[in-house]
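Asker: I have a structure I would like to understand better, so I am pasting it below and will then ask my questions one at a time.
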Amino acid sequence: MAATDFIVIGSGPSGAQAAQTLVESGYSVMMLDVGFTDEKQYEKQMPDGDFTSLRTSDKNQHHYLLGDEFESIQWGKTQTGAQLTPARRHLIKGINVLSPLFSKTFQPMESFAYGGLGAGWGIGCCVFSDTELEKAGLDPSRMHEGYETVAKRIGITGSKDDAQPYTFAQLTNHLPGHTIDENSKSLFGKYLKKRGQLNKKGFYMGKPSIALLTKDKGSRKATSYNDMDFYSDKELSAYRPWMTIEELKKNPNFNYTNKQLVLRFEENETLVKVTTIDISSRGEKTFHASKLLIAAGVMGTARIVLRSLNAYDTKIPILCNEYRYAPCIQWSRLGKIDTAPRNSFAQLALFHDETGKNEDVAMASLYSYGSLMLFRLIKEAPLNMRAAAKLMRYLSPAITILGIHLPDHPSDKKHLELVKSDNEWSNDTLHAEFSLTDQETKAVRERLSKFKSAMGRLNCTLLKMIDPGHGSSIHYAGSLPFSDEEKPLRLQRNGRLSGTKNVYVADSSGFAYLPAKGITFSLMANAHNVAANAINDKQNGR
Amino acid sequence: MLTHEHEANILANYLIRKPISSELAERYQNAIQTVDAALDPRELRLWKHCLKHPVLLSYIDSGMALHNSFSRIRKRIYIMFCILETTPDYAGLFLPKKRSLWYVPGFLFDMGIAALKGIAGLIIIKIFYNGRN
């Protein structure tokens, strides 16, 4: 088989952006991906209309709200991915079988979906500060270029408010800010009244920057605020990586090959050989390219790299933001209903910047409780279901859900290790160990308590701080940290895997520190840069 | 012997005080077969008792919310809840409604009753389980 210029592994946010950069530069690119899609095509069953009107009119709503196999009925302790709607359940399809992970302390979410975890991403786009970028091992000036490029490609909103330094910062490529719902407007009004007090405590609130079109962009339409965002991408207004890949498929230089579970790579002088298992035929296949870009997500990339380098039983680090979610009640909203059009994404963002230096910032995304239905809430109340429904129906218009992310630093209590096993696909299992040091536990507790107090100042009572466990933030990094030295299992600053000539890692595996602001926009910017670096190396015969 | 259709109707009546169509009863039956909602022998005895005396349902549901909130008994009630909430004829019973301050006293009274039912339900469950052991 003829070698292609580049092979990209993975169709998630990193893979999609890296591939676009390569294809736009005129190179031939093959993308290898498992690429599960929503086979039941729930989206096609959804009529046009906003969430509330569909609820009262569409007799077939149970198909896409509950699922034909009742996928939305999740009972028991909340697990990572439990909130996925039926149309997004394919995000976690095949994970336990194709890439098993053993851990008693870490339950991450991985994906073999077309578009990767980006198919269910909350579309938040934050720019890391220069200090955060440097701590992560990223070049701030290159990353700013990357942010601009990606923002121009995908379209992100930006609002000039107190949160701007933490959201889109100085980005020039941004769209007008999106409209927020009444619940959030009321909360933001309270913030503006108490802004001085809150700023003194290091809290800053504003609208998040999100990858949502507020103006038409090519075939993608501006959001109609129909509140169906958790169920459907029909309007194409919220960016998903598969949209980039669909565009790339129109280019003869791009070849998307799905159903391929990548096992390993091998290098010779001039080529990289990639071995996969075709998940349909179960047969091994090989593909060749001049250069390889791995963007399989941190755990997926770790498996491929450790297996390829025969580095079994070797511990490598892992970073993951601590995550909590907390329902809060804004008492002044009780008994009021919001009939204005809205989107389902985070309405506001609250940043905690204790030092005022935009470093080690913690972030809460604030969601109103709309289109996720009462049935996801009632099981949390210690009441009978009838009373719980009455309670939640009354409270829901006043509920704001905080999704709090905290920054993460490396420690020897957080690591991954590939261990040989009898797994039928790869003969190995990734083991993970993740726990916090006493100092980290104390810092987390203090940070969360400050968020609770800040919400109290906004007359918003935090009902419960729910800890879904380590791994639930879905933000992972740091397994192959950047290094200036050619050390094993490290990435060079340009993304090349140490000890290899033509293998690059384009996801967040290299980030040596994980800011809390939401990693997706940064990993897309980094992927664009890694692709540009690989092109540069190719052009210079390296 | 109680059929799943009968069970579905009892649960719907408990949750929304309305009868349901045979289509919804069938959906309930499909759901409890698709998602794992099988009861262990002890739960099954209690469940049968509840279905024979539906007045007990709110007490057992309340008690279970405190005793074992993720019990299979509650799961069955929850499944019916999910089905009802995703049926347009009943959506109005689940969507938020504008309420005045006058709503609050009645609401608090109902919540107080629910809490008391929880305590009573706990006692019933303890007696039932201990008596059968």
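Letters for chains follow the order of the structure tokens (A, B, ...), residue numbers begin at 1 for each chain, and ligand numbers begin at 1 in the order shown.
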Got a sec: who's within 6 Å of segment 15-30 of chain B, counting only C-alpha atoms, leaving out chain neighbours fewer than 2 positions off, as a list in words?
Answerer: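 Residues near the query, excluding close chain neighbours: Arg386 of chain A; His4, Glu5, Ala8, Ala12, Asn13, Ile32 and Gln33 of chain B.
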Asker: For segment 19-36 of chain A, please output as a count of residues only all residues within 9 Å (counting only C-alpha atoms; exclusion window: fewer than 4 positions along the same chain).
Answerer: 48
Asker: Tell me the residues of chain A close to chain B, meaning within 8 Å using only C-alpha atoms, as a JSON list (two decimals) with all heavy atoms, in the first residue's frame.
Answerer:
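Once everything was written out, this is out33.json:
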[["chain", "number", "residue", "atom", "x", "y", "z"],
["A", 55, "ARG", "N", -42.12, 18.92, 23.96],
["A", 55, "ARG", "CA", -42.57, 18.15, 25.12],
["A", 55, "ARG", "C", -44.09, 18.02, 25.16],
["A", 55, "ARG", "O", -44.62, 17.01, 25.60],
["A", 55, "ARG", "CB", -42.10, 18.83, 26.42],
["A", 55, "ARG", "CG", -40.61, 18.73, 26.71],
["A", 55, "ARG", "CD", -40.21, 17.37, 27.19],
["A", 55, "ARG", "NE", -41.04, 16.88, 28.27],
["A", 55, "ARG", "CZ", -40.95, 17.28, 29.53],
["A", 55, "ARG", "NH1", -40.03, 18.15, 29.88],
["A", 55, "ARG", "NH2", -41.74, 16.79, 30.46],
["A", 56, "THR", "N", -44.78, 19.07, 24.75],
["A", 56, "THR", "CA", -46.24, 19.03, 24.85],
["A", 56, "THR", "C", -46.91, 18.56, 23.57],
["A", 56, "THR", "O", -48.12, 18.43, 23.52],
["A", 56, "THR", "CB", -46.78, 20.43, 25.24],
["A", 56, "THR", "OG1", -46.19, 21.38, 24.35],
["A", 56, "THR", "CG2", -46.43, 20.78, 26.65],
["A", 57, "SER", "N", -46.11, 18.32, 22.52],
["A", 57, "SER", "CA", -46.76, 17.98, 21.25],
["A", 57, "SER", "C", -46.28, 16.68, 20.62],
["A", 57, "SER", "O", -47.05, 15.99, 19.96],
["A", 57, "SER", "CB", -46.57, 19.13, 20.25],
["A", 57, "SER", "OG", -45.18, 19.31, 20.00],
["A", 58, "ASP", "N", -45.02, 16.32, 20.80],
["A", 58, "ASP", "CA", -44.47, 15.21, 20.03],
["A", 58, "ASP", "C", -44.71, 13.85, 20.72],
["A", 58, "ASP", "O", -44.13, 13.57, 21.76],
["A", 58, "ASP", "CB", -42.97, 15.42, 19.79],
["A", 58, "ASP", "CG", -42.39, 14.32, 18.93],
["A", 58, "ASP", "OD1", -43.17, 13.62, 18.26],
["A", 58, "ASP", "OD2", -41.16, 14.14, 18.95],
["A", 59, "LYS", "N", -45.55, 13.06, 20.10],
["A", 59, "LYS", "CA", -45.89, 11.74, 20.69],
["A", 59, "LYS", "C", -44.70, 10.78, 20.68],
["A", 59, "LYS", "O", -44.69, 9.78, 21.40],
["A", 59, "LYS", "CB", -47.06, 11.11, 19.93],
["A", 59, "LYS", "CG", -48.39, 11.77, 20.23],
["A", 59, "LYS", "CD", -49.55, 10.88, 19.83],
["A", 59, "LYS", "CE", -50.90, 11.48, 20.16],
["A", 59, "LYS", "NZ", -51.06, 11.91, 21.54],
["A", 61, "GLN", "N", -41.60, 11.56, 21.45],
["A", 61, "GLN", "CA", -40.47, 12.12, 22.21],
["A", 61, "GLN", "C", -39.75, 11.07, 23.07],
["A", 61, "GLN", "O", -38.56, 11.21, 23.36],
["A", 61, "GLN", "CB", -40.92, 13.29, 23.08],
["A", 61, "GLN", "CG", -41.94, 12.93, 24.12],
["A", 61, "GLN", "CD", -42.43, 14.16, 24.88],
["A", 61, "GLN", "OE1", -41.84, 14.56, 25.85],
["A", 61, "GLN", "NE2", -43.51, 14.75, 24.39],
["A", 62, "HIS", "N", -40.48, 10.03, 23.49],
["A", 62, "HIS", "CA", -39.83, 9.05, 24.36],
["A", 62, "HIS", "C", -38.65, 8.37, 23.66],
["A", 62, "HIS", "O", -37.70, 7.94, 24.29],
["A", 62, "HIS", "CB", -40.84, 8.01, 24.87],
["A", 62, "HIS", "CG", -41.47, 7.21, 23.78],
["A", 62, "HIS", "ND1", -41.01, 5.98, 23.40],
["A", 62, "HIS", "CD2", -42.53, 7.48, 22.97],
["A", 62, "HIS", "CE1", -41.77, 5.51, 22.42],
["A", 62, "HIS", "NE2", -42.70, 6.41, 22.14],
["A", 65, "LEU", "N", -35.86, 11.09, 24.09],
["A", 65, "LEU", "CA", -35.63, 11.57, 25.47],
["A", 65, "LEU", "C", -35.24, 10.42, 26.40],
["A", 65, "LEU", "O", -34.39, 10.58, 27.27],
["A", 65, "LEU", "CB", -36.88, 12.28, 26.01],
["A", 65, "LEU", "CG", -37.28, 13.58, 25.30],
["A", 65, "LEU", "CD1", -38.54, 14.16, 25.92],
["A", 65, "LEU", "CD2", -36.16, 14.62, 25.37],
["A", 66, "LEU", "N", -35.88, 9.27, 26.19],
["A", 66, "LEU", "CA", -35.57, 8.10, 27.03],
["A", 66, "LEU", "C", -34.66, 7.10, 26.33],
["A", 66, "LEU", "O", -33.83, 6.45, 26.96],
["A", 66, "LEU", "CB", -36.86, 7.36, 27.40],
["A", 66, "LEU", "CG", -37.66, 7.82, 28.58],
["A", 66, "LEU", "CD1", -38.75, 6.80, 28.89],
["A", 66, "LEU", "CD2", -36.78, 8.02, 29.81],
["A", 69, "GLU", "N", -33.86, 1.83, 24.01],
["A", 69, "GLU", "CA", -33.50, 0.81, 25.01],
["A", 69, "GLU", "C", -33.45, 1.42, 26.41],
["A", 69, "GLU", "O", -32.73, 0.95, 27.27],
["A", 69, "GLU", "CB", -32.17, 0.16, 24.63],
["A", 69, "GLU", "CG", -32.33, -0.77, 23.44],
["A", 69, "GLU", "CD", -31.01, -1.21, 22.85],
["A", 69, "GLU", "OE1", -30.05, -1.37, 23.61],
["A", 69, "GLU", "OE2", -30.96, -1.35, 21.63],
["A", 70, "PHE", "N", -34.17, 2.51, 26.55],
["A", 70, "PHE", "CA", -34.30, 3.21, 27.83],
["A", 70, "PHE", "C", -32.91, 3.58, 28.39],
["A", 70, "PHE", "O", -32.65, 3.47, 29.59],
["A", 70, "PHE", "CB", -35.10, 2.35, 28.83],
["A", 70, "PHE", "CG", -36.46, 1.96, 28.28],
["A", 70, "PHE", "CD1", -36.65, 0.74, 27.64],
["A", 70, "PHE", "CD2", -37.53, 2.83, 28.36],
["A", 70, "PHE", "CE1", -37.87, 0.39, 27.10],
["A", 70, "PHE", "CE2", -38.76, 2.49, 27.81],
["A", 70, "PHE", "CZ", -38.93, 1.27, 27.19],
["A", 73, "ILE", "N", -32.47, 5.86, 31.42],
["A", 73, "ILE", "CA", -32.84, 5.43, 32.78],
["A", 73, "ILE", "C", -31.59, 4.90, 33.46],
["A", 73, "ILE", "O", -31.21, 3.75, 33.29],
["A", 73, "ILE", "CB", -33.98, 4.39, 32.74],
["A", 73, "ILE", "CG1", -35.22, 5.02, 32.08],
["A", 73, "ILE", "CG2", -34.30, 3.89, 34.14],
["A", 73, "ILE", "CD1", -36.43, 4.11, 32.00],
["A", 75, "TRP", "N", -29.80, 4.31, 37.00],
["A", 75, "TRP", "CA", -30.18, 4.14, 38.41],
["A", 75, "TRP", "C", -28.94, 3.82, 39.22],
["A", 75, "TRP", "O", -28.07, 3.10, 38.76],
["A", 75, "TRP", "CB", -31.21, 3.01, 38.50],
["A", 75, "TRP", "CG", -31.90, 2.89, 39.83],
["A", 75, "TRP", "CD1", -31.82, 1.85, 40.70],
["A", 75, "TRP", "CD2", -32.78, 3.84, 40.42],
["A", 75, "TRP", "NE1", -32.60, 2.10, 41.80],
["A", 75, "TRP", "CE2", -33.20, 3.31, 41.66],
["A", 75, "TRP", "CE3", -33.26, 5.10, 40.05],
["A", 75, "TRP", "CZ2", -34.07, 3.98, 42.52],
["A", 75, "TRP", "CZ3", -34.12, 5.77, 40.90],
["A", 75, "TRP", "CH2", -34.52, 5.22, 42.11],
["A", 76, "GLY", "N", -28.85, 4.36, 40.38],
["A", 76, "GLY", "CA", -27.69, 4.10, 41.23],
["A", 76, "GLY", "C", -26.80, 5.32, 41.30],
["A", 76, "GLY", "O", -27.14, 6.40, 40.80],
["A", 334, "LEU", "N", -37.95, 31.53, 42.53],
["A", 334, "LEU", "CA", -38.97, 30.51, 42.84],
["A", 334, "LEU", "C", -40.33, 30.94, 42.32],
["A", 334, "LEU", "O", -40.74, 32.10, 42.50],
["A", 334, "LEU", "CB", -39.06, 30.30, 44.35],
["A", 334, "LEU", "CG", -38.06, 29.33, 44.97],
["A", 334, "LEU", "CD1", -38.29, 29.24, 46.47],
["A", 334, "LEU", "CD2", -38.16, 27.94, 44.34],
["A", 335, "GLY", "N", -41.02, 30.01, 41.69],
["A", 335, "GLY", "CA", -42.38, 30.30, 41.22],
["A", 335, "GLY", "C", -42.42, 31.05, 39.90],
["A", 335, "GLY", "O", -43.49, 31.32, 39.38],
["A", 336, "LYS", "N", -41.25, 31.39, 39.38],
["A", 336, "LYS", "CA", -41.21, 32.11, 38.09],
["A", 336, "LYS", "C", -40.85, 31.11, 37.00],
["A", 336, "LYS", "O", -40.13, 30.15, 37.24],
["A", 336, "LYS", "CB", -40.19, 33.23, 38.14],
["A", 336, "LYS", "CG", -40.61, 34.31, 39.12],
["A", 336, "LYS", "CD", -39.62, 35.42, 39.20],
["A", 336, "LYS", "CE", -40.14, 36.43, 40.21],
["A", 336, "LYS", "NZ", -39.08, 37.20, 40.82],
["A", 337, "ILE", "N", -41.34, 31.37, 35.81],
["A", 337, "ILE", "CA", -40.93, 30.48, 34.72],
["A", 337, "ILE", "C", -40.29, 31.31, 33.62],
["A", 337, "ILE", "O", -40.57, 32.50, 33.47],
["A", 337, "ILE", "CB", -42.09, 29.61, 34.16],
["A", 337, "ILE", "CG1", -43.28, 30.47, 33.77],
["A", 337, "ILE", "CG2", -42.48, 28.55, 35.13],
["A", 337, "ILE", "CD1", -44.28, 29.70, 32.93],
["A", 373, "MET", "N", -34.78, 17.39, 32.00],
["A", 373, "MET", "CA", -35.96, 16.69, 32.54],
["A", 373, "MET", "C", -35.87, 16.50, 34.07],
["A", 373, "MET", "O", -34.80, 16.43, 34.64],
["A", 373, "MET", "CB", -36.15, 15.30, 31.92],
["A", 373, "MET", "CG", -35.88, 15.19, 30.46],
["A", 373, "MET", "SD", -37.25, 15.71, 29.43],
["A", 373, "MET", "CE", -38.48, 14.49, 29.78],
["A", 374, "LEU", "N", -37.08, 16.40, 34.65],
["A", 374, "LEU", "CA", -37.16, 16.22, 36.11],
["A", 374, "LEU", "C", -36.63, 14.86, 36.55],
["A", 374, "LEU", "O", -36.13, 14.70, 37.64],
["A", 374, "LEU", "CB", -38.62, 16.31, 36.58],
["A", 374, "LEU", "CG", -39.26, 17.68, 36.73],
["A", 374, "LEU", "CD1", -40.56, 17.55, 37.51],
["A", 374, "LEU", "CD2", -38.34, 18.66, 37.43],
["A", 375, "PHE", "N", -36.76, 13.85, 35.66],
["A", 375, "PHE", "CA", -36.43, 12.50, 36.12],
["A", 375, "PHE", "C", -34.96, 12.36, 36.50],
["A", 375, "PHE", "O", -34.60, 11.45, 37.24],
["A", 375, "PHE", "CB", -36.90, 11.42, 35.15],
["A", 375, "PHE", "CG", -36.18, 11.32, 33.82],
["A", 375, "PHE", "CD1", -34.91, 10.81, 33.73],
["A", 375, "PHE", "CD2", -36.83, 11.71, 32.65],
["A", 375, "PHE", "CE1", -34.27, 10.70, 32.50],
["A", 375, "PHE", "CE2", -36.20, 11.60, 31.41],
["A", 375, "PHE", "CZ", -34.91, 11.10, 31.34],
["A", 379, "LYS", "N", -34.38, 11.64, 41.73],
["A", 379, "LYS", "CA", -33.78, 10.56, 42.53],
["A", 379, "LYS", "C", -32.80, 11.09, 43.56],
["A", 379, "LYS", "O", -32.35, 10.36, 44.44],
["A", 379, "LYS", "CB", -33.14, 9.52, 41.62],
["A", 379, "LYS", "CG", -32.21, 10.06, 40.59],
["A", 379, "LYS", "CD", -31.76, 8.97, 39.62],
["A", 379, "LYS", "CE", -30.88, 9.58, 38.55],
["A", 379, "LYS", "NZ", -30.33, 8.64, 37.64],
["A", 381, "ALA", "N", -33.58, 13.52, 45.67],
["A", 381, "ALA", "CA", -34.30, 14.00, 46.85],
["A", 381, "ALA", "C", -34.67, 12.83, 47.76],
["A", 381, "ALA", "O", -35.12, 11.79, 47.28],
["A", 381, "ALA", "CB", -35.56, 14.73, 46.42],
["A", 382, "PRO", "N", -34.49, 12.97, 49.07],
["A", 382, "PRO", "CA", -34.83, 11.87, 50.00],
["A", 382, "PRO", "C", -36.32, 11.81, 50.29],
["A", 382, "PRO", "O", -36.74, 11.76, 51.45],
["A", 382, "PRO", "CB", -34.01, 12.23, 51.25],
["A", 382, "PRO", "CG", -33.94, 13.72, 51.22],
["A", 382, "PRO", "CD", -33.95, 14.14, 49.78],
["A", 383, "LEU", "N", -37.12, 11.86, 49.24],
["A", 383, "LEU", "CA", -38.57, 11.87, 49.38],
["A", 383, "LEU", "C", -39.17, 10.84, 48.44],
["A", 383, "LEU", "O", -38.48, 10.36, 47.53],
["A", 383, "LEU", "CB", -39.12, 13.26, 48.96],
["A", 383, "LEU", "CG", -38.73, 14.46, 49.79],
["A", 383, "LEU", "CD1", -39.14, 15.73, 49.07],
["A", 383, "LEU", "CD2", -39.41, 14.40, 51.17],
["A", 384, "ASN", "N", -40.46, 10.56, 48.64],
["A", 384, "ASN", "CA", -41.10, 9.69, 47.66],
["A", 384, "ASN", "C", -41.14, 10.41, 46.32],
["A", 384, "ASN", "O", -41.04, 11.64, 46.26],
["A", 384, "ASN", "CB", -42.48, 9.23, 48.14],
["A", 384, "ASN", "CG", -43.49, 10.37, 48.20],
["A", 384, "ASN", "OD1", -43.80, 10.99, 47.19],
["A", 384, "ASN", "ND2", -43.99, 10.66, 49.41],
["A", 385, "MET", "N", -41.29, 9.65, 45.25],
["A", 385, "MET", "CA", -41.14, 10.22, 43.91],
["A", 385, "MET", "C", -42.21, 11.28, 43.60],
["A", 385, "MET", "O", -41.94, 12.24, 42.90],
["A", 385, "MET", "CB", -41.21, 9.12, 42.86],
["A", 385, "MET", "CG", -40.16, 8.07, 43.06],
["A", 385, "MET", "SD", -38.89, 8.09, 41.85],
["A", 385, "MET", "CE", -37.78, 6.88, 42.51],
["A", 386, "ARG", "N", -43.40, 11.05, 44.13],
["A", 386, "ARG", "CA", -44.47, 12.01, 43.88],
["A", 386, "ARG", "C", -44.14, 13.36, 44.52],
["A", 386, "ARG", "O", -44.25, 14.41, 43.89],
["A", 386, "ARG", "CB", -45.77, 11.44, 44.46],
["A", 386, "ARG", "CG", -47.00, 12.11, 43.99],
["A", 386, "ARG", "CD", -48.25, 11.40, 44.56],
["A", 386, "ARG", "NE", -49.29, 12.39, 44.76],
["A", 386, "ARG", "CZ", -50.04, 12.86, 43.79],
["A", 386, "ARG", "NH1", -49.89, 12.43, 42.56],
["A", 386, "ARG", "NH2", -50.95, 13.78, 44.03],
["A", 387, "ALA", "N", -43.69, 13.30, 45.77],
["A", 387, "ALA", "CA", -43.33, 14.54, 46.47],
["A", 387, "ALA", "C", -42.06, 15.14, 45.86],
["A", 387, "ALA", "O", -41.95, 16.37, 45.73],
["A", 387, "ALA", "CB", -43.11, 14.24, 47.96],
["A", 389, "ALA", "N", -41.13, 14.99, 42.82],
["A", 389, "ALA", "CA", -41.50, 15.65, 41.56],
["A", 389, "ALA", "C", -42.08, 17.03, 41.84],
["A", 389, "ALA", "O", -41.77, 18.02, 41.16],
["A", 389, "ALA", "CB", -42.48, 14.79, 40.80],
["A", 391, "LEU", "N", -41.53, 18.85, 44.46],
["A", 391, "LEU", "CA", -40.43, 19.70, 44.94],
["A", 391, "LEU", "C", -39.58, 20.21, 43.77],
["A", 391, "LEU", "O", -39.32, 21.40, 43.64],
["A", 391, "LEU", "CB", -39.57, 18.88, 45.91],
["A", 391, "LEU", "CG", -38.29, 19.56, 46.40],
["A", 391, "LEU", "CD1", -38.62, 20.67, 47.39],
["A", 391, "LEU", "CD2", -37.36, 18.55, 47.09],
["A", 393, "ARG", "N", -40.25, 20.29, 40.59],
["A", 393, "ARG", "CA", -40.99, 21.11, 39.62],
["A", 393, "ARG", "C", -41.04, 22.56, 40.10],
["A", 393, "ARG", "O", -40.96, 23.49, 39.31],
["A", 393, "ARG", "CB", -42.40, 20.54, 39.49],
["A", 393, "ARG", "CG", -43.16, 21.13, 38.35],
["A", 393, "ARG", "CD", -44.54, 20.53, 38.28],
["A", 393, "ARG", "NE", -45.30, 21.14, 37.22],
["A", 393, "ARG", "CZ", -46.61, 21.17, 37.18],
["A", 393, "ARG", "NH1", -47.32, 20.60, 38.13],
["A", 393, "ARG", "NH2", -47.24, 21.76, 36.18],
["A", 394, "TYR", "N", -41.19, 22.72, 41.41],
["A", 394, "TYR", "CA", -41.23, 24.07, 41.98],
["A", 394, "TYR", "C", -39.84, 24.71, 41.98],
["A", 394, "TYR", "O", -39.66, 25.88, 41.67],
["A", 394, "TYR", "CB", -41.79, 23.98, 43.40],
["A", 394, "TYR", "CG", -41.99, 25.32, 44.09],
["A", 394, "TYR", "CD1", -42.61, 26.38, 43.43],
["A", 394, "TYR", "CD2", -41.57, 25.52, 45.40],
["A", 394, "TYR", "CE1", -42.81, 27.60, 44.06],
["A", 394, "TYR", "CE2", -41.76, 26.73, 46.04],
["A", 394, "TYR", "CZ", -42.38, 27.76, 45.36],
["A", 394, "TYR", "OH", -42.55, 28.96, 45.98],
["A", 396, "SER", "N", -37.11, 23.79, 40.08],
["A", 396, "SER", "CA", -36.27, 23.74, 38.87],
["A", 396, "SER", "C", -36.05, 25.10, 38.18],
["A", 396, "SER", "O", -34.94, 25.36, 37.72],
["A", 396, "SER", "CB", -36.76, 22.68, 37.88],
["A", 396, "SER", "OG", -38.04, 22.99, 37.43],
["A", 397, "PRO", "N", -37.07, 25.99, 38.10],
["A", 397, "PRO", "CA", -36.77, 27.27, 37.44],
["A", 397, "PRO", "C", -35.77, 28.12, 38.22],
["A", 397, "PRO", "O", -35.19, 29.05, 37.69],
["A", 397, "PRO", "CB", -38.12, 27.97, 37.39],
["A", 397, "PRO", "CG", -39.14, 26.95, 37.74],
["A", 397, "PRO", "CD", -38.46, 25.90, 38.55]]
Asker: When you look at His49 of chain B with a cut-off of 12 Å (counting only C-alpha atoms), what residues show up, excluding the ones that are within fewer than 4 positions of it in the same chain? I need them as a ChimeraX atom specification.
Answerer: /B:2,7,42-45,53-57,60,73,124-125,128
Asker: With DSSP run on the backbone, what are the alpha helix (DSSP H) residues within chain B? I'd like them as a PyMOL selection string.
Answerer: chain B and resi 4-16+22-34+41-52+57-67+72-85+88-91+103-132
Asker: Show me, as an MDAnalysis selection string, the residues that have an atom within 10 Å of Leu309 of chain A when counting only C-alpha atoms, minus same-chain residues fewer than 2 positions from it.
Answerer: chainID A and resid 264:266 304:307 311:312 488:489 499:500
Asker: Quick one: pull the distance between atom CA of Gly137 of chain A and atom CA of Phe482 of chain A, Å, one decimal.
Answerer: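 It comes out at 5.9 Å.
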Asker: Just want the 12 Å neighbourhood of Arg342 of chain A, counted on only C-alpha atoms, with same-chain residues fewer than 6 positions away dropped. Output as a list in words.
Answerer: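 Those residues are Asp50, Phe51, Thr52, His178, Thr179, Ile180, Asp181, Glu182, Asn183, Ser184, Lys185, Thr223, Ser224, Tyr225, Asn226, Asp227, Met228, Asp229, Tyr367, Ser368, Tyr369, Gly370 and Ser371 of chain A.
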Asker: Could you tell me which of A:Val419, A:Leu292, A:Leu319, A:Ala443 comes closest to Asn502 of chain A if we count only C-alpha atoms?
Answerer: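 Smallest distance to Asn502 of chain A is found for A:Leu292.
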Asker: Output as CSV one row per residue of segment 276-375 of chain A within 6 Å of segment 201-222 of chain A: the closest atom pair and its distance in Å to one decimal place, counting only C-alpha atoms, sorted by chain and residue number ascending.
Answerer:
residue,atom,partner,partner_atom,distance
A:Leu348,CA,A:Lys207,CA,4.5
A:Ala349,CA,A:Pro208,CA,5.3
A:Leu350,CA,A:Met205,CA,4.5
A:Phe351,CA,A:Tyr204,CA,5.2
A:His352,CA,A:Phe203,CA,4.6
A:Asp353,CA,A:Gly202,CA,4.9
A:Glu354,CA,A:Gly202,CA,4.7
Asker: Between atom CA of Gln74 of chain A and atom CA of Met455 of chain A, what is the distance in Å, rounded to a tenth?
Answerer: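 According to the coordinates, atom CA of Gln74 of chain A and atom CA of Met455 of chain A are separated by 29.3 Å.
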Asker: Rounded to one decimal place, report the atom CA of Ala2 of chain A-atom CA of Ser290 of chain A distance in Å.
Answerer: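 Result for atom CA of Ala2 of chain A versus atom CA of Ser290 of chain A: 10.5 Å, one decimal.
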Asker: For Ala38 of chain B, which residue among B:Arg76, B:Phe109, B:Ile119, B:Gly131 is the nearest when counting only C-alpha atoms?
Answerer: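 Checking each of B:Arg76, B:Phe109, B:Ile119, B:Gly131 against Ala38 of chain B, counting only C-alpha atoms, the winner is B:Arg76.
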